[in-house]
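Shown next: protein09.tsv, containing TSV, C-alpha atoms.
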```tsv
chain	number	residue	atom	x	y	z
F	1	MET	CA	102.61	58.79	113.98
F	2	SER	CA	103.16	59.62	117.66
F	3	ASP	CA	102.43	63.03	119.12
F	4	PRO	CA	105.21	65.61	119.25
F	5	THR	CA	106.43	66.76	122.62
F	6	CYS	CA	104.09	69.08	124.46
F	7	ALA	CA	106.44	72.03	123.88
F	8	GLN	CA	106.97	71.45	120.16
F	9	SER	CA	104.77	70.90	117.13
F	10	TRP	CA	105.52	68.62	114.18
F	11	SER	CA	106.10	71.68	112.03
F	12	GLU	CA	108.78	72.90	114.43
F	13	LEU	CA	110.40	69.46	114.75
F	14	LEU	CA	110.47	68.59	111.05
F	15	LEU	CA	110.55	71.94	109.27
F	16	ALA	CA	111.87	74.47	111.82
F	17	LEU	CA	108.71	76.53	111.23
F	18	PRO	CA	107.31	76.79	114.78
F	19	GLU	CA	104.47	79.20	114.01
F	20	PHE	CA	102.79	76.77	111.58
F	21	ASP	CA	100.72	73.64	112.10
F	22	LEU	CA	101.80	70.72	109.90
F	23	ILE	CA	98.68	69.41	108.17
F	24	ASP	CA	100.20	66.79	105.86
F	25	ALA	CA	103.58	65.66	104.56
F	26	HIS	CA	104.60	63.19	101.89
F	27	VAL	CA	107.51	62.41	99.57
F	28	ASP	CA	106.63	62.60	95.87
F	29	ASP	CA	107.94	60.55	92.93
F	30	ALA	CA	110.85	62.98	92.45
F	31	ASP	CA	112.01	62.26	96.06
F	32	GLU	CA	110.93	65.74	97.20
F	33	LEU	CA	109.17	66.44	100.50
F	34	HIS	CA	105.81	68.19	100.19
F	35	ALA	CA	104.58	69.68	103.47
F	36	THR	CA	101.15	71.28	103.83
F	37	VAL	CA	101.00	73.86	106.62
F	38	ALA	CA	98.59	76.44	108.03
F	39	LEU	CA	98.83	79.11	110.68
F	40	PRO	CA	96.74	78.52	113.81
F	41	ARG	CA	93.58	80.64	113.81
F	42	ASP	CA	94.61	83.73	115.74
F	43	VAL	CA	94.30	87.50	115.80
F	44	GLN	CA	95.91	89.40	112.94
F	45	ALA	CA	96.49	93.11	112.39
F	46	CYS	CA	94.91	94.65	109.30
F	47	PRO	CA	97.81	96.12	107.27
F	48	THR	CA	95.66	99.11	106.23
F	49	CYS	CA	93.98	100.30	109.44
F	50	GLY	CA	95.90	98.32	112.07
F	51	VAL	CA	92.82	96.79	113.74
F	52	ILE	CA	93.98	93.73	115.65
F	53	GLU	CA	91.14	91.26	115.64
F	54	ARG	CA	90.19	87.72	114.78
F	55	HIS	CA	88.95	88.83	111.35
F	56	PRO	CA	86.40	86.63	109.55
F	57	ILE	CA	87.69	84.31	106.81
F	58	HIS	CA	86.76	85.56	103.34
F	59	ASP	CA	88.54	82.91	101.24
F	60	TRP	CA	91.66	80.70	101.08
F	61	ARG	CA	94.82	80.91	98.96
F	62	TRP	CA	97.75	78.56	98.39
F	63	HIS	CA	101.27	79.97	98.75
F	64	THR	CA	103.97	77.52	97.69
F	65	VAL	CA	107.55	78.12	98.80
F	66	ARG	CA	110.82	76.22	98.82
F	67	HIS	CA	112.24	75.58	102.26
F	68	LEU	CA	115.31	74.06	103.89
F	69	PRO	CA	116.10	70.53	102.72
F	70	VAL	CA	114.79	67.85	105.09
F	71	ALA	CA	116.83	64.65	105.40
F	72	GLY	CA	118.69	65.52	102.19
F	73	ARG	CA	115.48	66.07	100.21
F	74	ALA	CA	114.36	69.31	98.61
F	75	CYS	CA	111.32	70.59	100.49
F	76	ARG	CA	108.29	72.41	99.14
F	77	VAL	CA	105.93	73.98	101.68
F	78	TRP	CA	102.30	74.45	100.69
F	79	TRP	CA	100.85	77.15	102.95
F	80	HIS	CA	97.04	77.13	103.08
F	81	LYS	CA	96.69	80.86	103.68
F	82	ARG	CA	93.52	82.57	104.87
F	83	LEU	CA	92.19	85.64	103.07
F	84	LEU	CA	90.66	87.69	105.87
F	85	ALA	CA	88.01	90.43	105.79
F	86	CYS	CA	88.92	93.44	107.93
F	87	GLU	CA	86.56	94.08	110.84
F	88	GLY	CA	87.15	97.80	110.31
F	89	GLY	CA	85.81	97.68	106.75
F	90	CYS	CA	89.10	98.14	104.86
F	91	GLY	CA	88.60	95.12	102.61
F	92	THR	CA	90.50	91.85	102.51
F	93	PHE	CA	94.08	90.89	103.28
F	94	VAL	CA	96.07	87.66	103.60
F	95	GLU	CA	97.71	86.20	106.68
F	96	ARG	CA	101.35	87.08	107.19
F	97	THR	CA	104.25	85.50	109.05
F	98	PRO	CA	107.90	86.49	109.57
F	99	SER	CA	109.13	83.15	108.18
F	100	ILE	CA	107.85	83.75	104.65
F	101	ALA	CA	107.91	87.11	102.88
F	102	SER	CA	104.84	88.19	100.96
F	103	GLY	CA	105.02	86.75	97.42
F	104	ALA	CA	108.29	84.92	98.14
F	105	VAL	CA	109.29	81.73	96.32
F	106	TRP	CA	111.35	80.43	99.25
F	107	SER	CA	111.37	80.82	103.01
F	108	ARG	CA	113.62	83.31	104.77
F	109	ALA	CA	115.46	80.40	106.45
F	110	ALA	CA	116.19	78.87	103.03
F	111	VAL	CA	117.48	82.22	101.76
F	112	ARG	CA	119.79	82.59	104.77
F	113	ALA	CA	121.10	79.04	104.31
F	114	ALA	CA	121.71	79.54	100.59
F	115	VAL	CA	123.56	82.82	101.19
F	116	ALA	CA	125.70	81.15	103.86
F	117	MET	CA	126.51	78.30	101.47
F	118	SER	CA	127.50	80.82	98.81
F	119	ALA	CA	129.76	82.60	101.31
F	120	ASP	CA	131.40	79.21	101.90
F	121	ASN	CA	132.11	79.00	98.13
F	122	VAL	CA	129.50	76.33	97.36
F	123	PRO	CA	128.72	76.63	93.63
F	124	ILE	CA	125.42	78.37	92.82
F	125	GLU	CA	124.39	75.40	90.65
F	126	ARG	CA	124.70	73.05	93.63
F	127	ILE	CA	122.74	75.42	95.89
F	128	ARG	CA	119.98	75.79	93.33
F	129	LEU	CA	119.64	72.03	92.92
F	130	LEU	CA	119.60	71.45	96.68
F	131	PHE	CA	116.77	73.94	97.21
F	132	GLY	CA	114.95	73.29	93.93
F	133	VAL	CA	114.98	76.92	92.81
F	134	GLY	CA	116.33	78.69	89.74
F	135	TRP	CA	119.84	80.06	89.33
F	136	ASN	CA	118.55	83.65	89.19
F	137	THR	CA	116.62	83.15	92.45
F	138	VAL	CA	119.81	82.16	94.26
F	139	MET	CA	121.82	84.96	92.69
F	140	ARG	CA	119.21	87.60	93.67
F	141	ALA	CA	119.49	86.44	97.30
F	142	VAL	CA	123.30	86.42	97.18
F	143	ARG	CA	123.44	89.90	95.63
F	144	ALA	CA	120.93	91.25	98.15
F	145	ALA	CA	123.13	89.96	101.01
F	146	ALA	CA	126.43	91.05	99.45
F	147	HIS	CA	126.65	94.10	101.72
F	148	LEU	CA	126.81	91.75	104.73
F	149	VAL	CA	129.98	90.03	103.53
F	150	PRO	CA	133.15	91.78	104.71
F	151	ALA	CA	135.32	93.12	101.91
F	152	LEU	CA	138.59	91.31	101.32
F	153	ALA	CA	141.72	93.36	101.82
F	154	PRO	CA	144.80	92.47	99.78
F	155	THR	CA	147.48	90.71	101.78
F	156	PRO	CA	150.88	92.34	101.29
F	157	GLY	CA	153.61	90.02	100.15
F	158	LEU	CA	151.42	87.22	98.79
F	159	GLY	CA	151.74	86.71	95.07
F	160	SER	CA	153.92	89.75	94.70
F	161	THR	CA	157.00	89.54	92.45
F	162	ARG	CA	158.40	92.93	93.48
F	163	ARG	CA	161.35	93.15	95.85
```
Could you express the structure from this file as structure tokens?
Amino acid sequence: MSDPTCAQSWSELLLALPEFDLIDAHVDDADELHATVALPRDVQACPTCGVIERHPIHDWRWHTVRHLPVAGRACRVWWHKRLLACEGGCGTFVERTPSIASGAVWSRAAVRAAVAMSADNVPIERIRLLFGVGWNTVMRAVRAAAHLVPALAPTPGLGSTRR
């Protein structure tokens, strides 16, 4: 594989996740893309005390999320997440990123895309199959974004039988 451009990483080019480093990617037997990613080693803020430091690594965790389809394939991102020990003595905490909510089953970009598809009247069943998530997962995202959709006002004269 050739190197990505100097301004972009493979993760940004293939997955639209610029903050991650793409470690590995393969297509499984079910024709689904599996991408292994990690955040570059950098400073993080402790969520308890706010100390911004390059905290020592305590352990590793895997966080698996569904992401935007790539080349028509469902995509599963395997994030190799660091469990960090706070330099201030607060205990341990995991890395965080704006692209993936804590404990989420799909990326924020995938949620936005699914909600937009729903607003365009794409059936929930089709959305769920495209992203490889459950029906309830899609519906929770659609309901959570319902306040963003403008309310429909009745159009006078259409369908009316009164004169």
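Take atom CA of Glu95 of chain F and atom CA of Asn136 of chain F: the distance between them is 27.3 Å.
Taking atom CA of Ile57 of chain F and atom CA of Leu84 of chain F as endpoints, the distance between them is 4.6 Å.
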query: If you measure from atom CA of Cys46 of chain F to atom CA of Asp24 of chain F, what distance in Å do you get, rounded to one decimal?
result: 28.6 Å
Please return the centre and edge lengths, in Å to one decimal, of a box with edges along x, y and z that contains all listed atoms of segment 40-45 of chain F, widened by 5 Å on every side, as JSON.
```
{"center_x": 95.2, "center_y": 85.8, "center_z": 114.1, "size_x": 13.2, "size_y": 24.6, "size_z": 13.4}
```
- prompt: Which residue, F:Pro18, F:Pro56, F:Phe131, F:Gln44, has the smallest gap to Leu68 of chain F when you use only C-alpha atoms?
  reply: F:Phe131
field: Residue among F:Arg76, F:Lys81, F:His55, F:Arg143 lying closest to Arg96 of chain F, counting all atoms listed in the file
entry: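 Checking each of F:Arg76, F:Lys81, F:His55, F:Arg143 against Arg96 of chain F, counting all atoms listed in the file, the winner is F:Lys81.
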query: Of the residues F:Arg73, F:Arg128, F:Arg140, F:His80, which is the one nearest to Asp29 of chain F, using all atoms listed in the file?
result: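 Using all atoms listed in the file, the shortest distance to Asp29 of chain F belongs to F:Arg73.
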- request: Kindly extract all protein, DNA and RNA residues lying within 12 Å of the coordinates (88.5, 90.0, 105.1) given in the file, considering all atoms listed in the file, and supply them as a list of chain:residue names.
  value: F:Gln44, F:Ala45, F:Cys46, F:Pro47, F:Thr48, F:Val51, F:Glu53, F:Arg54, F:His55, F:Pro56, F:Ile57, F:His58, F:Asp59, F:Trp60, F:Arg82, F:Leu83, F:Leu84, F:Ala85, F:Cys86, F:Glu87, F:Gly88, F:Gly89, F:Cys90, F:Gly91, F:Thr92, F:Phe93, F:Val94, F:Glu95
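The residue that comes closest to His26 of chain F, out of F:Val122, F:Val77, F:Val65, F:Ala114 and on the basis of all atoms listed in the file, is F:Val77.
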task: Could you check which of F:His34, F:Arg41, F:Arg61, F:Arg66 is closest to Val133 of chain F, using all atoms listed in the file?
output: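 Distance minimum relative to Val133 of chain F lands on F:Arg66.
The smallest atom-to-atom distance between Asp28 of chain F and any of F:Ile127, F:Ala74, F:Val115, F:Leu15, using only C-alpha atoms, is found for F:Ala74.
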Supply segment 29-56 of chain F as a compact mmCIF listing (two decimals), keeping the file's coordinate frame, with N, CA and C atoms built in where the input has gaps.
```
# COMPACT_ATOMS: atom_id res chain seq x y z
N ASP F 29 107.18 61.46 93.81
CA ASP F 29 107.94 60.55 92.93
C ASP F 29 109.33 61.07 92.60
N ALA F 30 109.54 62.39 92.72
CA ALA F 30 110.85 62.98 92.45
C ALA F 30 111.70 63.04 93.73
N ASP F 31 111.30 62.32 94.78
CA ASP F 31 112.01 62.26 96.06
C ASP F 31 112.10 63.64 96.71
N GLU F 32 111.02 64.40 96.61
CA GLU F 32 110.93 65.74 97.20
C GLU F 32 109.85 65.73 98.28
N LEU F 33 110.15 66.36 99.41
CA LEU F 33 109.17 66.44 100.50
C LEU F 33 108.16 67.54 100.21
N HIS F 34 106.89 67.21 100.31
CA HIS F 34 105.81 68.19 100.19
C HIS F 34 105.14 68.29 101.56
N ALA F 35 105.18 69.47 102.16
CA ALA F 35 104.58 69.68 103.47
C ALA F 35 103.47 70.71 103.36
N THR F 36 102.28 70.36 103.82
CA THR F 36 101.15 71.28 103.83
C THR F 36 101.04 71.86 105.23
N VAL F 37 101.04 73.19 105.32
CA VAL F 37 101.00 73.86 106.62
C VAL F 37 99.91 74.92 106.64
N ALA F 38 99.53 75.33 107.84
CA ALA F 38 98.59 76.44 108.03
C ALA F 38 98.94 77.12 109.35
N LEU F 39 98.65 78.39 109.42
CA LEU F 39 98.83 79.11 110.68
C LEU F 39 97.65 78.79 111.59
N PRO F 40 97.88 78.69 112.89
CA PRO F 40 96.74 78.52 113.81
C PRO F 40 95.82 79.73 113.70
N ARG F 41 94.56 79.53 113.88
CA ARG F 41 93.58 80.64 113.81
C ARG F 41 93.85 81.56 114.98
N ASP F 42 94.21 82.80 114.69
CA ASP F 42 94.61 83.73 115.74
C ASP F 42 94.26 85.15 115.29
N VAL F 43 94.53 86.10 116.15
CA VAL F 43 94.30 87.50 115.80
C VAL F 43 95.37 87.95 114.81
N GLN F 44 95.00 88.81 113.92
CA GLN F 44 95.91 89.40 112.94
C GLN F 44 95.64 90.90 112.90
N ALA F 45 96.66 91.66 112.56
CA ALA F 45 96.49 93.11 112.39
C ALA F 45 96.21 93.40 110.93
N CYS F 46 95.19 94.22 110.67
CA CYS F 46 94.91 94.65 109.30
C CYS F 46 96.06 95.56 108.87
N PRO F 47 96.68 95.29 107.70
CA PRO F 47 97.81 96.12 107.27
C PRO F 47 97.40 97.53 106.88
N THR F 48 96.12 97.78 106.63
CA THR F 48 95.66 99.11 106.23
C THR F 48 95.31 99.98 107.44
N CYS F 49 94.44 99.48 108.31
CA CYS F 49 93.98 100.30 109.44
C CYS F 49 94.61 99.92 110.77
N GLY F 50 95.23 98.74 110.85
CA GLY F 50 95.90 98.32 112.07
C GLY F 50 95.00 97.66 113.10
N VAL F 51 93.73 97.44 112.79
CA VAL F 51 92.82 96.79 113.74
C VAL F 51 93.31 95.37 113.99
N ILE F 52 93.54 95.07 115.27
CA ILE F 52 93.98 93.73 115.65
C ILE F 52 92.75 92.98 116.13
N GLU F 53 92.38 91.96 115.39
CA GLU F 53 91.14 91.26 115.64
C GLU F 53 91.24 89.86 115.06
N ARG F 54 90.32 89.03 115.43
CA ARG F 54 90.19 87.72 114.78
C ARG F 54 89.22 87.93 113.61
N HIS F 55 89.75 88.44 112.51
CA HIS F 55 88.95 88.83 111.35
C HIS F 55 88.28 87.60 110.73
N PRO F 56 87.08 87.77 110.18
CA PRO F 56 86.40 86.63 109.55
C PRO F 56 87.15 86.18 108.28
```
